[in-house]
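Data first, discussion second: the structure below is written as structure tokens.
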Amino acid sequence: MHSKTITEILVPFPRDEPSALIPVLQAVQSEYGYLSENNIYAISDHLNVPSSKIYGVTTFYAQFRLKPLGRHVINLCQGTACHVKGSEKLIPVFEQELKCKAGETTKDGKFTFNLVACLGACALSPVVNIDSDFYGNIKIADIKKILRKYD
């Protein structure tokens, strides 16, 4: 599953060195995909940083996750062009189809559904990307068909 243990990831980082927190968090998340409670405690012990401070850092920076991502990540654009073309009407449809709210992962771990500020594909608005696939000019009727591609 994971090629390195938390101990192996921490070895290159000096003990009792709080300034290494961000690179350590990045290394652990890179290996595991997110920062588990157990890994946060191991980081806390290694760097001599209170776990409360680590939680503060991980919740402040958007790059860090405290929960695993689904196998497929859905990003629905909420930028101006997408908003004007009705992306907000797609949110409840995705939530109903996935049976999870925006910002959550489905119970089966298959999808994580995110709302993002901009995907940089305004000419295709409203746009959604799933993993590395982009779907433009999305209509409510398209959503079921798109999601079925990931079964």
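In the structure tokens, the first chain shown is A, the next is B, and so on; residue numbers restart at 1 for each chain, and ligands run from 1 in the order shown.
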Within 9 Å of Gln78 (chain A), counting only C-alpha atoms, which residues qualify if same-chain residues fewer than 5 places away don't, as an NGL selection string? :A and (83 or 87-88 or 115-119 or 126-127)
Kindly assemble as JSON lines a list of the region 8-77 of chain A residues that lie within 9 Å of region 96-106 of chain A, each paired with its nearest atom pair and their distance in Å to one decimal, using only C-alpha atoms, sorted first by chain and then by ascending residue number.
{"residue": "A:Lys67", "atom": "CA", "partner": "A:Thr105", "partner_atom": "CA", "distance": 8.7}
{"residue": "A:Pro68", "atom": "CA", "partner": "A:Thr105", "partner_atom": "CA", "distance": 8.2}
{"residue": "A:Leu69", "atom": "CA", "partner": "A:Thr105", "partner_atom": "CA", "distance": 6.6}
{"residue": "A:Gly70", "atom": "CA", "partner": "A:Thr105", "partner_atom": "CA", "distance": 5.8}
{"residue": "A:Val73", "atom": "CA", "partner": "A:Thr105", "partner_atom": "CA", "distance": 8.8}
Residues within 9 Å of Ile9 (chain A), please, as a PyMOL selection string. Count only C-alpha atoms; anything in the same chain fewer than 4 positions from it doesn't count. chain A and resi 4-5+13+24+27-28+31
Going by DSSP on the backbone, which residues of region 24-77 of chain A come out as helix (DSSP H, G or I)? List them as a PyMOL selection string. chain A and resi 24-32+37-47+51-60
Could those selected residues go to a file with N, CA and C atoms, as a PDB file, in the first residue's frame?
ATOM      1  N   VAL A  24       7.814  18.524   6.254  1.00  0.00           N
ATOM      2  CA  VAL A  24       7.440  17.211   6.799  1.00  0.00           C
ATOM      3  C   VAL A  24       5.989  16.897   6.440  1.00  0.00           C
ATOM      4  N   LEU A  25       5.099  17.854   6.638  1.00  0.00           N
ATOM      5  CA  LEU A  25       3.691  17.636   6.292  1.00  0.00           C
ATOM      6  C   LEU A  25       3.540  17.313   4.811  1.00  0.00           C
ATOM      7  N   GLN A  26       4.277  18.014   3.967  1.00  0.00           N
ATOM      8  CA  GLN A  26       4.220  17.754   2.526  1.00  0.00           C
ATOM      9  C   GLN A  26       4.719  16.346   2.204  1.00  0.00           C
ATOM     10  N   ALA A  27       5.800  15.934   2.847  1.00  0.00           N
ATOM     11  CA  ALA A  27       6.358  14.601   2.590  1.00  0.00           C
ATOM     12  C   ALA A  27       5.396  13.503   3.024  1.00  0.00           C
ATOM     13  N   VAL A  28       4.807  13.672   4.196  1.00  0.00           N
ATOM     14  CA  VAL A  28       3.876  12.651   4.700  1.00  0.00           C
ATOM     15  C   VAL A  28       2.632  12.596   3.814  1.00  0.00           C
ATOM     16  N   GLN A  29       2.083  13.754   3.464  1.00  0.00           N
ATOM     17  CA  GLN A  29       0.887  13.753   2.615  1.00  0.00           C
ATOM     18  C   GLN A  29       1.197  13.196   1.229  1.00  0.00           C
ATOM     19  N   SER A  30       2.386  13.453   0.728  1.00  0.00           N
ATOM     20  CA  SER A  30       2.778  12.915  -0.565  1.00  0.00           C
ATOM     21  C   SER A  30       2.766  11.382  -0.549  1.00  0.00           C
ATOM     22  N   GLU A  31       3.193  10.803   0.552  1.00  0.00           N
ATOM     23  CA  GLU A  31       3.231   9.339   0.665  1.00  0.00           C
ATOM     24  C   GLU A  31       1.853   8.735   0.920  1.00  0.00           C
ATOM     25  N   TYR A  32       1.075   9.347   1.798  1.00  0.00           N
ATOM     26  CA  TYR A  32      -0.187   8.752   2.246  1.00  0.00           C
ATOM     27  C   TYR A  32      -1.434   9.364   1.611  1.00  0.00           C
ATOM     28  N   GLU A  37      -4.516  11.230  11.854  1.00  0.00           N
ATOM     29  CA  GLU A  37      -4.309  11.608  13.250  1.00  0.00           C
ATOM     30  C   GLU A  37      -3.040  10.961  13.805  1.00  0.00           C
ATOM     31  N   ASN A  38      -2.839   9.683  13.526  1.00  0.00           N
ATOM     32  CA  ASN A  38      -1.636   8.994  14.013  1.00  0.00           C
ATOM     33  C   ASN A  38      -0.361   9.607  13.452  1.00  0.00           C
ATOM     34  N   ASN A  39      -0.393   9.971  12.166  1.00  0.00           N
ATOM     35  CA  ASN A  39       0.792  10.586  11.568  1.00  0.00           C
ATOM     36  C   ASN A  39       1.055  11.976  12.140  1.00  0.00           C
ATOM     37  N   ILE A  40       0.014  12.707  12.438  1.00  0.00           N
ATOM     38  CA  ILE A  40       0.193  14.031  13.059  1.00  0.00           C
ATOM     39  C   ILE A  40       0.853  13.876  14.434  1.00  0.00           C
ATOM     40  N   TYR A  41       0.446  12.878  15.190  1.00  0.00           N
ATOM     41  CA  TYR A  41       1.081  12.647  16.498  1.00  0.00           C
ATOM     42  C   TYR A  41       2.548  12.249  16.347  1.00  0.00           C
ATOM     43  N   ALA A  42       2.855  11.454  15.329  1.00  0.00           N
ATOM     44  CA  ALA A  42       4.253  11.062  15.080  1.00  0.00           C
ATOM     45  C   ALA A  42       5.084  12.284  14.681  1.00  0.00           C
ATOM     46  N   ILE A  43       4.531  13.149  13.861  1.00  0.00           N
ATOM     47  CA  ILE A  43       5.215  14.384  13.459  1.00  0.00           C
ATOM     48  C   ILE A  43       5.435  15.269  14.682  1.00  0.00           C
ATOM     49  N   SER A  44       4.414  15.377  15.504  1.00  0.00           N
ATOM     50  CA  SER A  44       4.491  16.177  16.728  1.00  0.00           C
ATOM     51  C   SER A  44       5.647  15.708  17.610  1.00  0.00           C
ATOM     52  N   ASP A  45       5.737  14.411  17.782  1.00  0.00           N
ATOM     53  CA  ASP A  45       6.797  13.834  18.609  1.00  0.00           C
ATOM     54  C   ASP A  45       8.177  14.075  17.987  1.00  0.00           C
ATOM     55  N   HIS A  46       8.279  13.883  16.687  1.00  0.00           N
ATOM     56  CA  HIS A  46       9.564  14.015  15.998  1.00  0.00           C
ATOM     57  C   HIS A  46      10.080  15.458  16.014  1.00  0.00           C
ATOM     58  N   LEU A  47       9.188  16.398  15.727  1.00  0.00           N
ATOM     59  CA  LEU A  47       9.617  17.794  15.616  1.00  0.00           C
ATOM     60  C   LEU A  47       9.503  18.564  16.929  1.00  0.00           C
ATOM     61  N   SER A  51       0.659  18.984  18.761  1.00  0.00           N
ATOM     62  CA  SER A  51      -0.263  18.545  17.705  1.00  0.00           C
ATOM     63  C   SER A  51      -1.307  19.620  17.413  1.00  0.00           C
ATOM     64  N   SER A  52      -1.661  20.431  18.412  1.00  0.00           N
ATOM     65  CA  SER A  52      -2.634  21.511  18.180  1.00  0.00           C
ATOM     66  C   SER A  52      -2.083  22.522  17.168  1.00  0.00           C
ATOM     67  N   LYS A  53      -0.790  22.793  17.230  1.00  0.00           N
ATOM     68  CA  LYS A  53      -0.174  23.710  16.264  1.00  0.00           C
ATOM     69  C   LYS A  53      -0.181  23.077  14.874  1.00  0.00           C
ATOM     70  N   ILE A  54       0.085  21.780  14.813  1.00  0.00           N
ATOM     71  CA  ILE A  54       0.077  21.083  13.522  1.00  0.00           C
ATOM     72  C   ILE A  54      -1.321  21.136  12.906  1.00  0.00           C
ATOM     73  N   TYR A  55      -2.348  20.906  13.724  1.00  0.00           N
ATOM     74  CA  TYR A  55      -3.717  21.011  13.209  1.00  0.00           C
ATOM     75  C   TYR A  55      -4.004  22.425  12.733  1.00  0.00           C
ATOM     76  N   GLY A  56      -3.493  23.428  13.439  1.00  0.00           N
ATOM     77  CA  GLY A  56      -3.668  24.810  13.015  1.00  0.00           C
ATOM     78  C   GLY A  56      -3.065  25.067  11.645  1.00  0.00           C
ATOM     79  N   VAL A  57      -1.872  24.543  11.423  1.00  0.00           N
ATOM     80  CA  VAL A  57      -1.197  24.715  10.128  1.00  0.00           C
ATOM     81  C   VAL A  57      -1.947  23.958   9.030  1.00  0.00           C
ATOM     82  N   THR A  58      -2.345  22.726   9.319  1.00  0.00           N
ATOM     83  CA  THR A  58      -2.998  21.914   8.275  1.00  0.00           C
ATOM     84  C   THR A  58      -4.372  22.453   7.900  1.00  0.00           C
ATOM     85  N   THR A  59      -5.048  23.106   8.823  1.00  0.00           N
ATOM     86  CA  THR A  59      -6.361  23.661   8.480  1.00  0.00           C
ATOM     87  C   THR A  59      -6.243  25.055   7.868  1.00  0.00           C
ATOM     88  N   PHE A  60      -5.123  25.722   8.074  1.00  0.00           N
ATOM     89  CA  PHE A  60      -4.914  27.045   7.484  1.00  0.00           C
ATOM     90  C   PHE A  60      -4.567  26.939   6.002  1.00  0.00           C
TER      91      PHE A  60
END
